[in-house]
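Engineer: To start, I am sharing the structure in question, which I have written as structure tokens.
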Amino acid sequence: MSVLRTFETGLRGLLGHRLRSILTTLGILFGVAAVICTVGIGQASAQSVAARIAALGTNLLTVTPGSTVSGGVSGGAGSAATLTTADVTGLQNKSDAPDVQAVAPLVQATASMVSTTSNWRTTVQGSTPDWLTTNARSVATGSFITQSDANQRAQVIVLGATTAQSLGVSVGDSITVSRIPFTVIGILQSTGGQAFTNGDDLGVVPITTAQDVLTGGSPNSVQRILLSATSSDTVGSAYQEADQLLLNTHGITNPARADFTITSQSTLQSTAQSVTGTLTILLASVAAIALLVGGIGVMNIMLVSVTERTQEIGLRKALGATPGDLLRQFLIEAATLSFVGGLLGVGAGLLAGILIPAFAGIAVAITPAPIVIAVCVAAGVGLIFGVYPAARAARLAPIEALRAE
Amino acid sequence: MTADIIRLDNVTKVYGTGDAAVTAVADASLRIAEGDFVTVIGPSGSGKSTLMHILGCLDVPTSGAYSFAGEDVANMKETELARVRNRRIGFVFQQFHLLATMPAWRNVELPLLYRDAANRKEAAINALEQVGLGDRVRHRPNQLSGGQQQRVAIARALVTDPMVILADEPTGNLDSASSREVLGILTRLHDQGRTVILITHDPNVAGIARRIFSMSDGRLREEAAA
């Protein structure tokens with residue numbers, strides 16, 4: 001029997017049993033669509049959880065000057081000014097530190113701020129535009145300091161929410177910081193408070209301005225360097241790269257004698273990992289169950305189909321069909337059902353991926369991997385459970401198959 | 001009426017083994033020449049269906065020799081038997097065995113699908129016309145009477161132009177008018193020169209043939225020619 005004719009026979013077999021074919025297709029369709037949706041919803045939740053945890057600063061690293069060792073007496077961490085703007089430039093080099101996303105130098109001092117209505121004493125930090133990224137912060141109103149502000153030593157300041165409220169100022173107002181006039185160009189988004197420091201009570205000015213008028217000291221030295229890794233997964237490698245780079249720059253061969261310390265927010269990071277891990281396991285099991293249920297449905301209908309067609313198989317054998325002819329016919333029937341069901345399932349899954357966010361407000365992240373896996377598993381399940389009974393029937397003696405009720 | 005199409009020599013068929021062994025056909029020998037009309041008569045359980053399965057290459061004998069159109073079919077593999085059934089034998093069953101989802105001509109076309117024949121639809125319609133159903137080509141089996149369904153089955157047996165038509169109780173499920181119609185068609189086919197083997201339990205039916213064999217407890221015996 002030719003391939004074309006086998007195809008025709010298989011398709012005719014499906015059309016001859018429309019209801020059963022539609023039911024089988026529906027089983028596969030919903031299995032595939034369910035996998036695409038659950039995995040999509042799960043991935044979107046995992047991404048949003050990861051983003052929220054990252055907002056807490058899991059990918060942040062801080063470089064502080066290490067203890068000075070002079071004559072065997074340790075001066076304590078941060079007591080030596082060993083970090084320079086050259087270190088900052090080095091860390092910004094993408095080829096040396098590919099996993100470092102942003103680098104911001106930091107100098108800080110405590111200063112008095114005076115507005116037209118009140119005064120307030122708080123921390124003023126001098127930094128660069130990367131301060132936002134390396135602190136996982138954002139601006140609520142106005143704008144942040146720019147590179148040209150830093151180049152021009154502009155007298156502009158961005159305030160924390162608490163500071164702005166206490167001073168009674170908004171964007172565009174003028175204040176003085178240590179008696180020097182500054183223009184408020186932005187207010188930071190509130191963080192809701194962090195451990196040890198209040199992230200909402202501070203001012204940020206260009207680092208050059210800070211070195212000039214607030215902190216003094218060498219224009220090349222910085223008090224701290226803030227780093228952010230490209231993601232919370234790359235914090236480890238970013239740490240290694242920064243460590244190696246600074247050791248080389250500072251000409252230190254023994255890491256134990258490093259004149260700087262790099263700290264990360266390791267607790268947050270492990271929390272983030274365990275949360276995403278749990279979510280992934282949850283989703284994988286939901287998807288697996290959805291596919292299994294779809295597969296069992298397919299198996300049932302395929303087994304029924306072959307059983308109720310035993311007489312047909314017997315007749316076809318009597319009329320000259322070889323076991324191979326019958327096997328191929330059922331293979332094509334099962335493959336067609338699975339393939340059509342899988343394709344429609346992908347369509348339904350993609351449609352749900354559009355409808356669910358629109359009507360339920362839940363994000364769905366559609367990625368190729370679950371689509372491919374779901375279609376392959378559905379097709380595989382359809383073939384295995386469709387062909388096995390067919391192969392058994394094809395081996396049946398024709399007279400017994402003909403006699404079957 | 002020259003060469004023997006069917007040569008069955010000392011064929012025995014045993015089902016089961018040991019104490020449960022049942023001998024369905026015992027030491028049967030048979031010669032059927034081309035163009036013969038043969039009936040095999042016997043009560044149910046006499047082994048006539050088993051004999052028919054062996055003659056139709058649907059089953060192989062436990063022992064003995066069977067040559068069909070010069071080919072040794074007793075030792076053939078399943079795929080070769082399928083080819084012999086497709087090319088040389090036309091079956092008519094008591095239960096008709098039409099596929100309910102297909103119109104009459106698709107049912108008749110079925111055996112042609114397994115031999116890659118051309119002009120299958122024309123051949124199917126032509127076979128339906130031969131059994132007087134030229135106006136029922138597109139009817140489904142459930143739209144046809146029992147007699148018409150059996151005529152579709154005969155058309156399906158004819159369409160491959162087989163050497164032998166093997167009919168197993170073809171009138172078993174039919175009323176007497178339809179039975180006469182079906183037997184009339186079989187007789188006409190014989191008159192046209194085809195070899196027909198008819199298996200039945202009904203002596204009145206058996207009487208239409210040229211040669212009559214009877215089967216009893218697995219033993220085959222030729223009655224006096226009619």
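By order in the structure tokens, chains are A, B, ...; within a chain, residues start at 1; ligands start at 1, following the order shown.
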Name all residues at most 12 Å from Leu166 in chain B (count only C-alpha atoms; drop same-chain ones fewer than 3 positions away) and give them as number ranges by chain.

Structural biologist: A: 318; B: 36-40, 49, 51-58, 85, 88-94, 153-154, 157-158, 162-163, 169-170, 186, 189-190, 194-200

Engineer: Can you check which residues of chain B have any atom within 10 Å of chain A? Use only C-alpha atoms and format it as number ranges by chain.

Structural biologist: B: 49-50, 53, 56-59, 78-91, 93, 95-102, 110-117, 156-157, 160

Engineer: Go ahead and write the residues just picked, C-alpha atoms, as a PDB file, in the first residue's frame.

Structural biologist:
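Full text of selection-v1.pdb as output:
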```pdb
ATOM      1  CA  SER B  49     -15.809 -22.753   9.304  1.00  0.00           C
ATOM      2  CA  THR B  50     -12.298 -23.877  10.144  1.00  0.00           C
ATOM      3  CA  HIS B  53     -10.597 -20.324   7.023  1.00  0.00           C
ATOM      4  CA  GLY B  56      -9.393 -18.810   2.410  1.00  0.00           C
ATOM      5  CA  CYS B  57      -5.796 -18.530   3.657  1.00  0.00           C
ATOM      6  CA  LEU B  58      -7.045 -16.859   6.842  1.00  0.00           C
ATOM      7  CA  ASP B  59      -5.508 -19.676   8.874  1.00  0.00           C
ATOM      8  CA  GLU B  78       1.471 -13.713   7.095  1.00  0.00           C
ATOM      9  CA  THR B  79       2.412 -11.008   4.590  1.00  0.00           C
ATOM     10  CA  GLU B  80       2.441 -13.522   1.704  1.00  0.00           C
ATOM     11  CA  LEU B  81      -0.924 -14.925   2.825  1.00  0.00           C
ATOM     12  CA  ALA B  82      -2.294 -11.363   2.821  1.00  0.00           C
ATOM     13  CA  ARG B  83      -1.159 -11.003  -0.795  1.00  0.00           C
ATOM     14  CA  VAL B  84      -2.823 -14.301  -1.813  1.00  0.00           C
ATOM     15  CA  ARG B  85      -6.078 -13.264  -0.102  1.00  0.00           C
ATOM     16  CA  ASN B  86      -5.979  -9.889  -1.808  1.00  0.00           C
ATOM     17  CA  ARG B  87      -5.198 -11.181  -5.322  1.00  0.00           C
ATOM     18  CA  ARG B  88      -6.955 -14.518  -5.555  1.00  0.00           C
ATOM     19  CA  ILE B  89      -9.860 -14.777  -3.125  1.00  0.00           C
ATOM     20  CA  GLY B  90     -13.111 -12.886  -2.703  1.00  0.00           C
ATOM     21  CA  PHE B  91     -14.794 -13.304   0.680  1.00  0.00           C
ATOM     22  CA  PHE B  93     -19.304 -13.312   5.189  1.00  0.00           C
ATOM     23  CA  GLN B  95     -22.210 -10.787   8.957  1.00  0.00           C
ATOM     24  CA  PHE B  96     -21.558  -8.813   5.720  1.00  0.00           C
ATOM     25  CA  HIS B  97     -18.699  -6.964   7.508  1.00  0.00           C
ATOM     26  CA  LEU B  98     -19.245  -3.644   5.777  1.00  0.00           C
ATOM     27  CA  LEU B  99     -17.656  -0.552   7.327  1.00  0.00           C
ATOM     28  CA  ALA B 100     -20.553   1.562   8.586  1.00  0.00           C
ATOM     29  CA  THR B 101     -18.781   4.882   8.111  1.00  0.00           C
ATOM     30  CA  MET B 102     -18.296   4.470   4.368  1.00  0.00           C
ATOM     31  CA  LEU B 110     -11.374  -1.462   0.036  1.00  0.00           C
ATOM     32  CA  PRO B 111      -9.501  -4.507  -1.351  1.00  0.00           C
ATOM     33  CA  LEU B 112      -8.212  -2.413  -4.279  1.00  0.00           C
ATOM     34  CA  LEU B 113      -6.509  -0.063  -1.773  1.00  0.00           C
ATOM     35  CA  TYR B 114      -4.213  -2.907  -0.752  1.00  0.00           C
ATOM     36  CA  ARG B 115      -2.983  -3.572  -4.279  1.00  0.00           C
ATOM     37  CA  ASP B 116      -2.426   0.011  -5.534  1.00  0.00           C
ATOM     38  CA  ALA B 117      -4.909  -0.370  -8.384  1.00  0.00           C
ATOM     39  CA  ARG B 156     -16.478  -6.175  -2.810  1.00  0.00           C
ATOM     40  CA  ALA B 157     -15.519  -9.828  -3.348  1.00  0.00           C
ATOM     41  CA  THR B 160     -10.545  -7.744  -7.499  1.00  0.00           C
TER      42      THR B 160
END
```

Engineer: Compile the contact shell of range 203-218 of chain B as a VMD selection string: residues with an atom at most 8 Å away, counting only C-alpha atoms, same-chain residues fewer than 6 positions apart removed.

Structural biologist: chain B and resid 23 to 26 36 to 43 45 to 48 183 187 224 to 226

Engineer: Take the selection from the previous step and output its residues with C-alpha atoms, as a PDB file, in the first residue's frame.

Structural biologist:
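Here's the written file out_7.pdb:
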```
ATOM      1  CA  THR B  23      -9.360 -31.432  16.279  1.00  0.00           C
ATOM      2  CA  ALA B  24     -11.508 -29.120  14.148  1.00  0.00           C
ATOM      3  CA  VAL B  25     -10.541 -30.623  10.804  1.00  0.00           C
ATOM      4  CA  ALA B  26      -9.237 -34.165  10.568  1.00  0.00           C
ATOM      5  CA  ASP B  36     -16.370 -25.524 -10.033  1.00  0.00           C
ATOM      6  CA  PHE B  37     -19.327 -24.692  -7.816  1.00  0.00           C
ATOM      7  CA  VAL B  38     -18.858 -26.458  -4.496  1.00  0.00           C
ATOM      8  CA  THR B  39     -20.874 -26.372  -1.296  1.00  0.00           C
ATOM      9  CA  VAL B  40     -19.746 -27.628   2.075  1.00  0.00           C
ATOM     10  CA  ILE B  41     -22.643 -28.483   4.346  1.00  0.00           C
ATOM     11  CA  GLY B  42     -22.538 -29.362   8.004  1.00  0.00           C
ATOM     12  CA  PRO B  43     -24.051 -28.455  11.374  1.00  0.00           C
ATOM     13  CA  GLY B  45     -19.347 -27.175  15.277  1.00  0.00           C
ATOM     14  CA  SER B  46     -18.663 -29.628  12.471  1.00  0.00           C
ATOM     15  CA  GLY B  47     -15.457 -27.800  11.511  1.00  0.00           C
ATOM     16  CA  LYS B  48     -16.742 -26.292   8.252  1.00  0.00           C
ATOM     17  CA  LEU B 183     -27.841 -17.323  -4.284  1.00  0.00           C
ATOM     18  CA  THR B 187     -25.068 -19.039  -9.422  1.00  0.00           C
ATOM     19  CA  ALA B 224     -23.054 -37.705  -4.694  1.00  0.00           C
ATOM     20  CA  ALA B 225     -22.829 -35.006  -7.303  1.00  0.00           C
ATOM     21  CA  ALA B 226     -26.143 -33.275  -7.890  1.00  0.00           C
TER      22      ALA B 226
END
```

Engineer: Set the distance at 6 Å and use only C-alpha atoms: which residues neighbour Ala44 in chain A once local chain neighbours fewer than 2 positions away are removed? I'd like the list as an NGL selection string.

Structural biologist: :A and (41-42 or 46-47 or 363-365)

Engineer: Give me, as a PyMOL selection string, the residues of range 29-79 of chain B that a backbone DSSP run labels strand (DSSP E).

Structural biologist: chain B and resi 29-33+37-41+63-68+71-72

Engineer: Kindly save the residues from that selection, with N, CA and C atoms included, as a PDB file, in the first residue's frame.

Structural biologist:
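Listing of out_17.pdb after writing:
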```pdb
ATOM      1  N   SER B  29      -9.047 -34.093   2.580  1.00  0.00           N
ATOM      2  CA  SER B  29      -8.435 -33.955   1.254  1.00  0.00           C
ATOM      3  C   SER B  29      -9.508 -33.478   0.292  1.00  0.00           C
ATOM      4  N   LEU B  30      -9.106 -32.603  -0.646  1.00  0.00           N
ATOM      5  CA  LEU B  30     -10.100 -31.956  -1.487  1.00  0.00           C
ATOM      6  C   LEU B  30      -9.429 -31.439  -2.743  1.00  0.00           C
ATOM      7  N   ARG B  31     -10.100 -31.625  -3.889  1.00  0.00           N
ATOM      8  CA  ARG B  31      -9.623 -31.046  -5.153  1.00  0.00           C
ATOM      9  C   ARG B  31     -10.751 -30.187  -5.699  1.00  0.00           C
ATOM     10  N   ILE B  32     -10.453 -28.951  -6.028  1.00  0.00           N
ATOM     11  CA  ILE B  32     -11.474 -28.120  -6.654  1.00  0.00           C
ATOM     12  C   ILE B  32     -10.895 -27.569  -7.940  1.00  0.00           C
ATOM     13  N   ALA B  33     -11.584 -27.836  -9.026  1.00  0.00           N
ATOM     14  CA  ALA B  33     -11.100 -27.390 -10.337  1.00  0.00           C
ATOM     15  C   ALA B  33     -11.596 -25.987 -10.623  1.00  0.00           C
ATOM     16  N   PHE B  37     -18.440 -25.274  -8.813  1.00  0.00           N
ATOM     17  CA  PHE B  37     -19.327 -24.692  -7.816  1.00  0.00           C
ATOM     18  C   PHE B  37     -19.467 -25.740  -6.728  1.00  0.00           C
ATOM     19  N   VAL B  38     -18.947 -25.469  -5.564  1.00  0.00           N
ATOM     20  CA  VAL B  38     -18.858 -26.458  -4.496  1.00  0.00           C
ATOM     21  C   VAL B  38     -19.572 -25.925  -3.266  1.00  0.00           C
ATOM     22  N   THR B  39     -20.369 -26.755  -2.612  1.00  0.00           N
ATOM     23  CA  THR B  39     -20.874 -26.372  -1.296  1.00  0.00           C
ATOM     24  C   THR B  39     -20.339 -27.335  -0.258  1.00  0.00           C
ATOM     25  N   VAL B  40     -20.121 -26.797   0.936  1.00  0.00           N
ATOM     26  CA  VAL B  40     -19.746 -27.628   2.075  1.00  0.00           C
ATOM     27  C   VAL B  40     -20.871 -27.465   3.083  1.00  0.00           C
ATOM     28  N   ILE B  41     -21.494 -28.551   3.448  1.00  0.00           N
ATOM     29  CA  ILE B  41     -22.643 -28.483   4.346  1.00  0.00           C
ATOM     30  C   ILE B  41     -22.288 -29.201   5.638  1.00  0.00           C
ATOM     31  N   SER B  63      -1.247 -29.677  10.110  1.00  0.00           N
ATOM     32  CA  SER B  63      -0.427 -30.584   9.296  1.00  0.00           C
ATOM     33  C   SER B  63      -1.139 -30.817   7.970  1.00  0.00           C
ATOM     34  N   GLY B  64      -0.420 -31.369   7.017  1.00  0.00           N
ATOM     35  CA  GLY B  64      -0.995 -31.593   5.697  1.00  0.00           C
ATOM     36  C   GLY B  64      -0.523 -30.542   4.709  1.00  0.00           C
ATOM     37  N   ALA B  65      -0.860 -30.754   3.429  1.00  0.00           N
ATOM     38  CA  ALA B  65      -0.389 -29.861   2.379  1.00  0.00           C
ATOM     39  C   ALA B  65      -1.563 -29.120   1.766  1.00  0.00           C
ATOM     40  N   TYR B  66      -1.341 -27.837   1.429  1.00  0.00           N
ATOM     41  CA  TYR B  66      -2.382 -27.073   0.785  1.00  0.00           C
ATOM     42  C   TYR B  66      -1.740 -26.256  -0.335  1.00  0.00           C
ATOM     43  N   SER B  67      -2.176 -26.523  -1.539  1.00  0.00           N
ATOM     44  CA  SER B  67      -1.655 -25.767  -2.660  1.00  0.00           C
ATOM     45  C   SER B  67      -2.804 -24.991  -3.289  1.00  0.00           C
ATOM     46  N   PHE B  68      -2.617 -23.677  -3.436  1.00  0.00           N
ATOM     47  CA  PHE B  68      -3.649 -22.824  -4.007  1.00  0.00           C
ATOM     48  C   PHE B  68      -3.084 -22.214  -5.278  1.00  0.00           C
ATOM     49  N   GLU B  71       0.496 -22.572  -5.678  1.00  0.00           N
ATOM     50  CA  GLU B  71       1.403 -22.063  -4.638  1.00  0.00           C
ATOM     51  C   GLU B  71       1.188 -22.827  -3.349  1.00  0.00           C
ATOM     52  N   ASP B  72       2.280 -23.153  -2.650  1.00  0.00           N
ATOM     53  CA  ASP B  72       2.198 -23.845  -1.373  1.00  0.00           C
ATOM     54  C   ASP B  72       1.870 -22.811  -0.299  1.00  0.00           C
TER      55      ASP B  72
END
```

Engineer: List every residue of range 14-174 of chain B that DSSP, applied to the backbone of this structure, assigns to alpha helix (DSSP H), and report them as a PDB file with C-alpha atoms, in the first residue's frame.

Structural biologist:
```pdb
ATOM      1  CA  LYS B  48     -16.742 -26.292   8.252  1.00  0.00           C
ATOM      2  CA  SER B  49     -15.809 -22.753   9.304  1.00  0.00           C
ATOM      3  CA  THR B  50     -12.298 -23.877  10.144  1.00  0.00           C
ATOM      4  CA  LEU B  51     -12.089 -25.551   6.744  1.00  0.00           C
ATOM      5  CA  MET B  52     -13.270 -22.341   5.129  1.00  0.00           C
ATOM      6  CA  HIS B  53     -10.597 -20.324   7.023  1.00  0.00           C
ATOM      7  CA  ILE B  54      -7.917 -22.681   5.792  1.00  0.00           C
ATOM      8  CA  LEU B  55      -9.255 -22.632   2.211  1.00  0.00           C
ATOM      9  CA  GLU B  78       1.471 -13.713   7.095  1.00  0.00           C
ATOM     10  CA  THR B  79       2.412 -11.008   4.590  1.00  0.00           C
ATOM     11  CA  GLU B  80       2.441 -13.522   1.704  1.00  0.00           C
ATOM     12  CA  LEU B  81      -0.924 -14.925   2.825  1.00  0.00           C
ATOM     13  CA  ALA B  82      -2.294 -11.363   2.821  1.00  0.00           C
ATOM     14  CA  ARG B  83      -1.159 -11.003  -0.795  1.00  0.00           C
ATOM     15  CA  VAL B  84      -2.823 -14.301  -1.813  1.00  0.00           C
ATOM     16  CA  ARG B  85      -6.078 -13.264  -0.102  1.00  0.00           C
ATOM     17  CA  ASN B  86      -5.979  -9.889  -1.808  1.00  0.00           C
ATOM     18  CA  ARG B  87      -5.198 -11.181  -5.322  1.00  0.00           C
ATOM     19  CA  ARG B  88      -6.955 -14.518  -5.555  1.00  0.00           C
ATOM     20  CA  ALA B 104     -21.184   1.440  -0.623  1.00  0.00           C
ATOM     21  CA  TRP B 105     -18.585   2.216  -3.277  1.00  0.00           C
ATOM     22  CA  ARG B 106     -15.889   2.943  -0.655  1.00  0.00           C
ATOM     23  CA  ASN B 107     -16.602  -0.456   0.906  1.00  0.00           C
ATOM     24  CA  VAL B 108     -16.277  -2.127  -2.476  1.00  0.00           C
ATOM     25  CA  GLU B 109     -13.074  -0.194  -3.172  1.00  0.00           C
ATOM     26  CA  LEU B 110     -11.374  -1.462   0.036  1.00  0.00           C
ATOM     27  CA  PRO B 111      -9.501  -4.507  -1.351  1.00  0.00           C
ATOM     28  CA  LEU B 112      -8.212  -2.413  -4.279  1.00  0.00           C
ATOM     29  CA  LEU B 113      -6.509  -0.063  -1.773  1.00  0.00           C
ATOM     30  CA  ARG B 120     -10.612   2.192  -8.250  1.00  0.00           C
ATOM     31  CA  LYS B 121     -13.862   4.138  -8.226  1.00  0.00           C
ATOM     32  CA  GLU B 122     -14.868   2.987 -11.706  1.00  0.00           C
ATOM     33  CA  ALA B 123     -14.059  -0.611 -10.798  1.00  0.00           C
ATOM     34  CA  ALA B 124     -16.105  -0.338  -7.581  1.00  0.00           C
ATOM     35  CA  ILE B 125     -19.118   1.171  -9.362  1.00  0.00           C
ATOM     36  CA  ASN B 126     -18.857  -1.455 -12.083  1.00  0.00           C
ATOM     37  CA  ALA B 127     -18.873  -4.247  -9.461  1.00  0.00           C
ATOM     38  CA  LEU B 128     -21.921  -2.682  -7.791  1.00  0.00           C
ATOM     39  CA  GLU B 129     -23.705  -2.624 -11.149  1.00  0.00           C
ATOM     40  CA  GLN B 130     -22.957  -6.334 -11.592  1.00  0.00           C
ATOM     41  CA  GLY B 146     -29.795  -6.846   4.599  1.00  0.00           C
ATOM     42  CA  GLY B 147     -29.972  -8.354   1.098  1.00  0.00           C
ATOM     43  CA  GLN B 148     -28.569  -5.169  -0.430  1.00  0.00           C
ATOM     44  CA  GLN B 149     -25.757  -5.107   2.140  1.00  0.00           C
ATOM     45  CA  GLN B 150     -24.827  -8.691   1.269  1.00  0.00           C
ATOM     46  CA  ARG B 151     -24.851  -7.742  -2.426  1.00  0.00           C
ATOM     47  CA  VAL B 152     -22.438  -4.876  -1.627  1.00  0.00           C
ATOM     48  CA  ALA B 153     -20.264  -7.485   0.101  1.00  0.00           C
ATOM     49  CA  ILE B 154     -20.420  -9.688  -3.024  1.00  0.00           C
ATOM     50  CA  ALA B 155     -19.445  -6.692  -5.149  1.00  0.00           C
ATOM     51  CA  ARG B 156     -16.478  -6.175  -2.810  1.00  0.00           C
ATOM     52  CA  ALA B 157     -15.519  -9.828  -3.348  1.00  0.00           C
ATOM     53  CA  LEU B 158     -15.849  -9.429  -7.129  1.00  0.00           C
TER      54      LEU B 158
END
```

Engineer: Residues within 9 Å of Ser166 in chain A, please, as a VMD selection string. Count only C-alpha atoms; anything in the same chain fewer than 4 positions from it doesn't count.

Structural biologist: chain A and resid 118 to 120 161 to 162

Engineer: Could you write out that same residue set with C-alpha atoms as a PDB file, in the first residue's frame?

Structural biologist:
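Once everything was written out, this is result36.pdb:
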```pdb
ATOM      1  CA  SER A 118      12.880  74.784  57.809  1.00  0.00           C
ATOM      2  CA  ASN A 119      16.245  73.148  58.269  1.00  0.00           C
ATOM      3  CA  TRP A 120      17.379  69.548  58.490  1.00  0.00           C
ATOM      4  CA  ALA A 161      11.321  61.421  50.389  1.00  0.00           C
ATOM      5  CA  THR A 162      11.661  62.023  54.150  1.00  0.00           C
TER       6      THR A 162
END
```
